[in-house]
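What follows is one structure encoded as C-alpha cells, with my remarks underneath.
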Amino acid sequence: MSHFPFLLISVILLTGTGWIPSCQTPVQSGEAGRSQPEKGNPVRPGAWDTEAYFPLLRGKSFGLVCNHTATIGVTHLVDSLTRAGLRPTRLFAPEHGFRGDLPDGHHIGHRKDEITGLDIMSLYGDQRKPTAESLSDLDLVVFDIQDVGARFYTYLSTLHYVLEACAEAGIPVVVLDRPNPNGHYVDGPVLRMAWQSFVGMHPVPVVYGMTIGEYATMICGEGWLKEGIKPALTVIPLTHYERQLPYHLPDRPSPNLPDMRSVWLYPSLCLLEGTAMSVGRGTDYPFQLIGHPDLRDGDTFFTPVSRPESTQPPLRGRECRGFDLSTQDPLGLFGRRRLDLSWILKTHAAFPDPDAYFLSSGFFDKLAGSDLLRRQIQQGLNEDQIRASWKDDLERFKVLRARYLLYPDVPSP
C-alpha cells in the first residue's frame, strides 16, 4: 500500500465468494451470553472471510492469539479452524483467558484448553509477551480479539507485545480485523510516554477511532515497537464497515462490559477507576453505576459484592451513594461522540476529602496518560477549559491516524 512504503503490510482484499455466515443480534441492555443470527446486518469481521486467510494457514505451524470474541458465526475460531483441518500448534490468551470467562485482574498461568486439548500460554500476569521459545516452532501467528476502542483496554497492549515478539523472531502476523464500537470519534488527552504502562502503551488519545487492524498498522508504521522493529503484517479487513453507524457487539467483550450501554460509557467511566469511586464492578451494572459510601450527592444506592466476573470489586460490601446511568438511552450515548468528563468533575466536587479522591497509587495518571488531567481537576478547571487543552494534540494525532485508516473516515464533530 502506498501509505506504508517502509513497512511490509498487506491487506487481503475481499474478492472471494466463499462462505460468510450471517451476522448476529446485538447484546441488548441486561442481556448476556451468545446472541442469535440476525438477517440484514452487512458488517463482516475479517475472521469470517475464510477464503482470504485459510490458504495462508494450510500446511503451516501457527499460533493463535484470541479469546471468546474470536468467532466465525457463533463458533469459536479455534473450533472452526480445527474442524477445517487447520489445527493451531499453540494458543495464547490475553486478560480474562482464552474463553473469556476469568474475572478482572485474575493472573492466569499456562494451561490446556479443555475443548481442544491445546496448550494455552497466558499473556496476562507475569508473562505479557510471547517468549522466543513459544514462537520457535511457529511459521506465523494469527491475532483475533475484539477491541472496544479505548486506550486503556489491555488487549491493545497484548497486540503490541505479540507484534514485537514476532518481529524479533522473524515470524509474520495475521490480524483478523473486527469493528470498533467506539470507532466513530476521536477524543481525550494524548498519552505522554513517561506514563507508559500496560493500560497505556502508545501516544494516542483515550478514544482513537481505529479498528484493531488499523491500530496494528499504526504500531508498526510509527516504529513504536522496541528499536523500531517491524513484523511482516497482514490484515484481513472488514467488509461493509461504516464507522458512523452503531455496531452492536454480539457478545460481551470482557466480563464487566455486559451490554452496549457499558461499552459506550466505558471510555469515560474507566478513568474513575483511578479514583476512590466504584464504577459498579460487583453489581448487575458495571460501568453504569458510580458511587462511594461518603459521596455527598447522588440519586441511587448500590453495594458491590463478590461475583464471578469481579471477585474483589472496589468497596466490596459497602453501600455506595451515587449515580445510576443504567437507564440512559444507549444510542444517545453513541451519538454523543465525545469523552464525558462530567461524572469525574461532579463526583470530585461531591467527595468530602479532595486529597483522597485520587488513588495514591497514581493509577489515574496512568489511565489519563499523564498527570495533567488530575492537576486540572484539582485546580478547578471546568470541562470546556480541560477539553481546550487537548485540541492541538488531538489535531496532530488525527493527521497521523489518517495515514493508517483502511476504511473511510467520518467528519469531526
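Chain labels A, B, ... are given in the sequence in which chains occur in the C-alpha cells; within each chain residues are numbered consecutively from 1, and ligands are likewise numbered from 1 in the order shown.
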Checklist line | Filtered DSSP result for range 162-388 of chain A, state alpha helix (DSSP H), as a ChimeraX atom specification | finding: /A:162-169,212-221,260-269,330-336,342-349,363-368,372-378,383-388
Closest-contact table, range 92-205 of chain A side, partner range 249-253 of chain A, 8 Å, counting only C-alpha atoms, as a tab-separated table:
residue	atom	partner	partner_atom	distance
A:Gln146	CA	A:Pro253	CA	6.4
A:Asp147	CA	A:Pro253	CA	7.4
A:Val148	CA	A:Pro253	CA	7.6
A:Pro181	CA	A:Leu249	CA	7.4
Next item on the list: Write out as a PyMOL selection string each polymer residue whose atoms come within 10 Å of range 361-372 of chain A, counting only C-alpha atoms; drop sequence neighbours fewer than 3 positions from it.
Entry: chain A and resi 151-153+188-206+270-275+358+375-378+386+389
Expected file: the selected residues, C-alpha atoms, as a PDB file, in the first residue's frame:
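Below you can see again.pdb, which holds the result:
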ATOM      1  CA  ARG A 151      -6.536   3.253  25.074  1.00  0.00           C
ATOM      2  CA  PHE A 152      -6.563   1.559  28.475  1.00  0.00           C
ATOM      3  CA  TYR A 153      -8.236  -1.655  27.253  1.00  0.00           C
ATOM      4  CA  GLY A 188      -9.410  12.677  25.128  1.00  0.00           C
ATOM      5  CA  PRO A 189      -5.905  13.549  26.308  1.00  0.00           C
ATOM      6  CA  VAL A 190      -2.970  12.039  24.397  1.00  0.00           C
ATOM      7  CA  LEU A 191      -0.674   9.810  26.443  1.00  0.00           C
ATOM      8  CA  ARG A 192       2.801  11.100  27.313  1.00  0.00           C
ATOM      9  CA  MET A 193       5.351   8.293  27.075  1.00  0.00           C
ATOM     10  CA  ALA A 194       6.659   8.974  30.590  1.00  0.00           C
ATOM     11  CA  TRP A 195       3.345   7.450  31.747  1.00  0.00           C
ATOM     12  CA  GLN A 196       3.539   4.362  29.536  1.00  0.00           C
ATOM     13  CA  SER A 197       2.130   1.241  31.183  1.00  0.00           C
ATOM     14  CA  PHE A 198       0.106  -1.878  30.379  1.00  0.00           C
ATOM     15  CA  VAL A 199      -3.027   0.322  30.437  1.00  0.00           C
ATOM     16  CA  GLY A 200      -1.470   2.803  28.019  1.00  0.00           C
ATOM     17  CA  MET A 201       1.337   1.831  25.648  1.00  0.00           C
ATOM     18  CA  HIS A 202       1.204   4.435  22.891  1.00  0.00           C
ATOM     19  CA  PRO A 203       0.958   8.227  22.372  1.00  0.00           C
ATOM     20  CA  VAL A 204      -2.696   8.183  21.371  1.00  0.00           C
ATOM     21  CA  PRO A 205      -5.825   9.784  22.887  1.00  0.00           C
ATOM     22  CA  VAL A 206      -8.182   7.857  25.152  1.00  0.00           C
ATOM     23  CA  CYS A 270     -12.916   3.861  33.241  1.00  0.00           C
ATOM     24  CA  LEU A 271     -10.992   6.978  34.254  1.00  0.00           C
ATOM     25  CA  LEU A 272     -12.893   6.814  37.561  1.00  0.00           C
ATOM     26  CA  GLU A 273     -11.107   3.551  38.370  1.00  0.00           C
ATOM     27  CA  GLY A 274      -8.149   5.709  39.302  1.00  0.00           C
ATOM     28  CA  THR A 275     -10.244   7.398  41.977  1.00  0.00           C
ATOM     29  CA  PHE A 358      -7.459  10.218  43.503  1.00  0.00           C
ATOM     30  CA  ARG A 375      -3.972  18.626  38.127  1.00  0.00           C
ATOM     31  CA  GLN A 376      -6.593  20.408  36.022  1.00  0.00           C
ATOM     32  CA  ILE A 377      -9.401  18.844  38.064  1.00  0.00           C
ATOM     33  CA  GLN A 378      -7.670  19.712  41.329  1.00  0.00           C
ATOM     34  CA  ILE A 386      -9.899  20.976  30.052  1.00  0.00           C
ATOM     35  CA  SER A 389      -6.042  21.791  26.365  1.00  0.00           C
TER      36      SER A 389
END
Checklist line | range 337-354 of chain A environment, 10 Å, only C-alpha atoms, sequence neighbours closer than 5 positions dropped, as a ChimeraX atom specification | finding: /A:182-189,206-207,244,264-269,271-272,275-277,290-298,322-323,332,377-378,380-384,386-387,412-413
Output for the residues just chosen: N, CA and C atoms as a compact mmCIF listing (two decimals), in the first residue's frame:
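Output below, filename again-v4.txt:
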# COMPACT_ATOMS: atom_id res chain seq x y z
N ASN A 182 -16.50 1.90 19.40
CA ASN A 182 -16.26 3.32 19.68
C ASN A 182 -15.36 3.94 18.61
N GLY A 183 -15.50 3.44 17.39
CA GLY A 183 -14.64 3.90 16.30
C GLY A 183 -15.15 5.12 15.58
N HIS A 184 -16.24 5.72 16.05
CA HIS A 184 -16.88 6.82 15.33
C HIS A 184 -16.43 8.19 15.82
N TYR A 185 -15.45 8.24 16.74
CA TYR A 185 -14.94 9.54 17.18
C TYR A 185 -13.54 9.40 17.74
N VAL A 186 -12.86 10.52 17.89
CA VAL A 186 -11.51 10.61 18.45
C VAL A 186 -11.55 11.69 19.53
N ASP A 187 -11.11 11.36 20.76
CA ASP A 187 -11.22 12.35 21.82
C ASP A 187 -10.37 11.94 23.02
N GLY A 188 -10.11 12.92 23.87
CA GLY A 188 -9.41 12.68 25.13
C GLY A 188 -7.96 13.12 25.09
N PRO A 189 -7.32 13.17 26.25
CA PRO A 189 -5.91 13.55 26.31
C PRO A 189 -5.01 12.49 25.68
N VAL A 206 -7.38 8.90 24.50
CA VAL A 206 -8.18 7.86 25.15
C VAL A 206 -9.04 7.12 24.13
N VAL A 207 -9.68 7.85 23.24
CA VAL A 207 -10.51 7.27 22.18
C VAL A 207 -9.85 7.59 20.84
N GLN A 244 -19.52 5.50 11.19
CA GLN A 244 -20.53 6.39 11.76
C GLN A 244 -21.79 5.65 12.17
N TRP A 264 -20.31 1.80 25.52
CA TRP A 264 -20.25 3.20 25.10
C TRP A 264 -19.94 4.14 26.26
N LEU A 265 -20.19 3.72 27.49
CA LEU A 265 -19.82 4.52 28.65
C LEU A 265 -18.38 4.27 29.09
N TYR A 266 -17.84 3.13 28.73
CA TYR A 266 -16.54 2.70 29.24
C TYR A 266 -15.41 3.71 29.06
N PRO A 267 -15.22 4.31 27.88
CA PRO A 267 -14.09 5.25 27.74
C PRO A 267 -14.13 6.40 28.73
N SER A 268 -15.33 6.85 29.10
CA SER A 268 -15.46 7.95 30.06
C SER A 268 -15.36 7.47 31.51
N LEU A 269 -16.03 6.36 31.82
CA LEU A 269 -16.11 5.93 33.21
C LEU A 269 -14.87 5.19 33.69
N LEU A 271 -11.88 6.04 33.57
CA LEU A 271 -10.99 6.98 34.25
C LEU A 271 -11.28 7.03 35.75
N LEU A 272 -12.52 6.79 36.15
CA LEU A 272 -12.89 6.81 37.56
C LEU A 272 -12.30 5.66 38.35
N THR A 275 -9.76 6.57 40.87
CA THR A 275 -10.24 7.40 41.98
C THR A 275 -10.82 6.49 43.07
N ALA A 276 -11.33 7.12 44.12
CA ALA A 276 -11.95 6.36 45.22
C ALA A 276 -13.32 5.80 44.83
N MET A 277 -13.86 6.18 43.69
CA MET A 277 -15.21 5.77 43.29
C MET A 277 -15.28 4.30 42.90
N ILE A 290 -21.96 4.74 39.45
CA ILE A 290 -20.82 5.46 40.03
C ILE A 290 -21.18 5.81 41.46
N GLY A 291 -20.28 5.56 42.40
CA GLY A 291 -20.62 5.94 43.76
C GLY A 291 -19.54 5.63 44.77
N HIS A 292 -19.79 6.09 46.00
CA HIS A 292 -18.88 5.90 47.13
C HIS A 292 -19.70 6.04 48.42
N PRO A 293 -19.35 5.34 49.49
CA PRO A 293 -20.12 5.47 50.74
C PRO A 293 -20.19 6.89 51.28
N ASP A 294 -19.18 7.71 51.03
CA ASP A 294 -19.14 9.05 51.61
C ASP A 294 -19.54 10.16 50.64
N LEU A 295 -20.00 9.79 49.45
CA LEU A 295 -20.34 10.83 48.47
C LEU A 295 -21.51 11.67 48.98
N ARG A 296 -21.41 12.99 48.80
CA ARG A 296 -22.44 13.90 49.32
C ARG A 296 -23.54 14.19 48.32
N ASP A 297 -23.52 13.52 47.20
CA ASP A 297 -24.55 13.73 46.18
C ASP A 297 -24.85 12.39 45.53
N GLY A 298 -26.03 12.27 44.95
CA GLY A 298 -26.37 11.03 44.26
C GLY A 298 -27.84 10.72 44.36
N GLY A 322 -24.60 7.27 44.90
CA GLY A 322 -24.07 7.79 43.66
C GLY A 322 -25.11 7.92 42.57
N PHE A 323 -24.69 7.58 41.34
CA PHE A 323 -25.49 7.87 40.16
C PHE A 323 -25.69 6.61 39.33
N GLY A 332 -28.30 7.22 22.39
CA GLY A 332 -27.95 8.59 22.76
C GLY A 332 -26.51 8.69 23.19
N ILE A 377 -8.22 19.05 37.22
CA ILE A 377 -9.40 18.84 38.06
C ILE A 377 -9.16 19.42 39.45
N GLN A 378 -7.98 19.19 40.00
CA GLN A 378 -7.67 19.71 41.33
C GLN A 378 -7.63 21.24 41.34
N GLY A 380 -9.63 23.09 39.66
CA GLY A 380 -10.98 23.60 39.49
C GLY A 380 -11.35 24.00 38.08
N LEU A 381 -10.59 23.56 37.06
CA LEU A 381 -10.94 23.87 35.68
C LEU A 381 -12.24 23.18 35.30
N ASN A 382 -13.04 23.84 34.46
CA ASN A 382 -14.27 23.22 34.00
C ASN A 382 -14.01 22.35 32.76
N GLU A 383 -15.05 21.66 32.30
CA GLU A 383 -14.85 20.71 31.20
C GLU A 383 -14.41 21.41 29.93
N ASP A 384 -14.96 22.56 29.61
CA ASP A 384 -14.56 23.26 28.38
C ASP A 384 -13.09 23.66 28.44
N ILE A 386 -10.71 22.19 30.15
CA ILE A 386 -9.90 20.98 30.05
C ILE A 386 -9.85 20.49 28.61
N ARG A 387 -11.01 20.47 27.97
CA ARG A 387 -11.05 19.98 26.59
C ARG A 387 -10.23 20.86 25.65
N SER A 412 -15.15 15.21 11.63
CA SER A 412 -15.03 15.57 13.04
C SER A 412 -16.30 16.25 13.50
N PRO A 413 -16.69 16.02 14.80
CA PRO A 413 -17.91 16.65 15.31
C PRO A 413 -17.72 18.14 15.45
Sorted by chain and rising residue number, which residues of range 32-151 of chain A lie within 10 Å of range 218-238 of chain A, and what are their closest atom pairs and distances in Å to one decimal, counting only C-alpha atoms, as a tab-separated table?
residue	atom	partner	partner_atom	distance
A:Val43	CA	A:Leu238	CA	7.0
A:Arg44	CA	A:Leu238	CA	5.6
A:Pro45	CA	A:Leu238	CA	5.0
A:Gly46	CA	A:Ile236	CA	5.0
A:Ala47	CA	A:Ile236	CA	7.4
A:Trp48	CA	A:Leu238	CA	8.9
A:Asp49	CA	A:Ile236	CA	7.9
A:Thr50	CA	A:Ile236	CA	9.5
A:Ala52	CA	A:Ile236	CA	7.1
A:Tyr53	CA	A:Ile236	CA	7.3
A:Leu140	CA	A:Ala232	CA	9.6
A:Val141	CA	A:Leu233	CA	9.9
A:Val142	CA	A:Thr234	CA	9.4
A:Phe143	CA	A:Val235	CA	9.6
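CA of Asp79 in chain A is positioned 26.0 Å from CA of Ala132 in chain A.
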Checklist line | Leu91 in chain A environment, 9 Å, only C-alpha atoms, sequence neighbours closer than 5 positions dropped, as a ChimeraX atom specification | finding: /A:62-66,78,98,112-113,118-122
For those residues, write C-alpha atoms to a file as an mmCIF file, in the first residue's frame.
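The file below, selection-v4.cif, is the result:
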data_model
loop_
_atom_site.group_PDB
_atom_site.id
_atom_site.type_symbol
_atom_site.label_atom_id
_atom_site.label_comp_id
_atom_site.auth_asym_id
_atom_site.auth_seq_id
_atom_site.Cartn_x
_atom_site.Cartn_y
_atom_site.Cartn_z
ATOM 1 C CA PHE A 62 0.759 -21.377 13.576
ATOM 2 C CA GLY A 63 -0.133 -19.809 16.891
ATOM 3 C CA LEU A 64 -3.492 -18.266 17.696
ATOM 4 C CA VAL A 65 -3.922 -15.218 19.962
ATOM 5 C CA CYS A 66 -7.590 -14.783 20.777
ATOM 6 C CA VAL A 78 -10.184 -22.302 17.195
ATOM 7 C CA PHE A 98 -8.798 -17.870 26.150
ATOM 8 C CA LYS A 112 -4.684 -26.551 28.393
ATOM 9 C CA ASP A 113 -7.869 -25.695 26.557
ATOM 10 C CA LEU A 118 -4.194 -27.461 23.033
ATOM 11 C CA ASP A 119 -1.611 -25.737 25.226
ATOM 12 C CA ILE A 120 -2.505 -22.164 26.193
ATOM 13 C CA MET A 121 0.211 -19.665 27.054
ATOM 14 C CA SER A 122 -1.043 -16.795 29.206
#
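When only C-alpha atoms are used to measure the gap to Ala167 in chain A, the shortest distance among A:Thr75, A:Ile145, A:Pro130, A:Pro286 belongs to A:Pro130.
Interatomic distance, CA of Leu81 in chain A against CA of Phe54 in chain A: 8.4 Å.
Atom pair CA of Thr327 in chain A / CA of Gln312 in chain A: separated by 25.5 Å.
Distances from A:His96, A:Arg321, A:Arg336, A:Lys60 to Asp299 in chain A were compared using only C-alpha atoms, and the smallest one belongs to A:Arg321.
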Selection near Ser326 in chain A, 9 Å with only C-alpha atoms, sequence-local residues under 2 positions removed, as a PDB file with N, CA and C atoms, in the first residue's frame:
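Writing done, so here's around.pdb:
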ATOM      1  N   SER A  29     -29.310  -4.240  26.440  1.00  0.00           N
ATOM      2  CA  SER A  29     -29.145  -3.922  27.846  1.00  0.00           C
ATOM      3  C   SER A  29     -29.732  -5.008  28.729  1.00  0.00           C
ATOM      4  N   ARG A 261     -24.584  -0.345  26.364  1.00  0.00           N
ATOM      5  CA  ARG A 261     -24.549   0.860  27.187  1.00  0.00           C
ATOM      6  C   ARG A 261     -23.205   0.933  27.933  1.00  0.00           C
ATOM      7  N   SER A 262     -22.777  -0.178  28.513  1.00  0.00           N
ATOM      8  CA  SER A 262     -21.498  -0.185  29.235  1.00  0.00           C
ATOM      9  C   SER A 262     -20.325   0.022  28.283  1.00  0.00           C
ATOM     10  N   TYR A 285     -24.664  -3.912  37.052  1.00  0.00           N
ATOM     11  CA  TYR A 285     -24.463  -2.852  36.061  1.00  0.00           C
ATOM     12  C   TYR A 285     -23.058  -2.258  36.125  1.00  0.00           C
ATOM     13  N   PHE A 287     -19.805  -0.402  35.029  1.00  0.00           N
ATOM     14  CA  PHE A 287     -19.607   0.731  34.123  1.00  0.00           C
ATOM     15  C   PHE A 287     -20.930   1.393  33.745  1.00  0.00           C
ATOM     16  N   GLN A 288     -21.881   1.332  34.688  1.00  0.00           N
ATOM     17  CA  GLN A 288     -23.142   2.050  34.544  1.00  0.00           C
ATOM     18  C   GLN A 288     -23.594   2.637  35.884  1.00  0.00           C
ATOM     19  N   LEU A 289     -22.831   2.373  36.934  1.00  0.00           N
ATOM     20  CA  LEU A 289     -23.071   2.942  38.258  1.00  0.00           C
ATOM     21  C   LEU A 289     -21.800   3.633  38.732  1.00  0.00           C
ATOM     22  N   ASP A 324     -26.896   6.454  38.840  1.00  0.00           N
ATOM     23  CA  ASP A 324     -27.282   5.286  38.050  1.00  0.00           C
ATOM     24  C   ASP A 324     -27.427   5.711  36.589  1.00  0.00           C
ATOM     25  N   GLN A 328     -29.877   5.188  30.822  1.00  0.00           N
ATOM     26  CA  GLN A 328     -29.616   6.125  29.730  1.00  0.00           C
ATOM     27  C   GLN A 328     -29.802   5.420  28.387  1.00  0.00           C
ATOM     28  N   ASP A 329     -30.282   6.162  27.421  1.00  0.00           N
ATOM     29  CA  ASP A 329     -30.519   5.624  26.082  1.00  0.00           C
ATOM     30  C   ASP A 329     -29.190   5.238  25.442  1.00  0.00           C
TER      31      ASP A 329
END
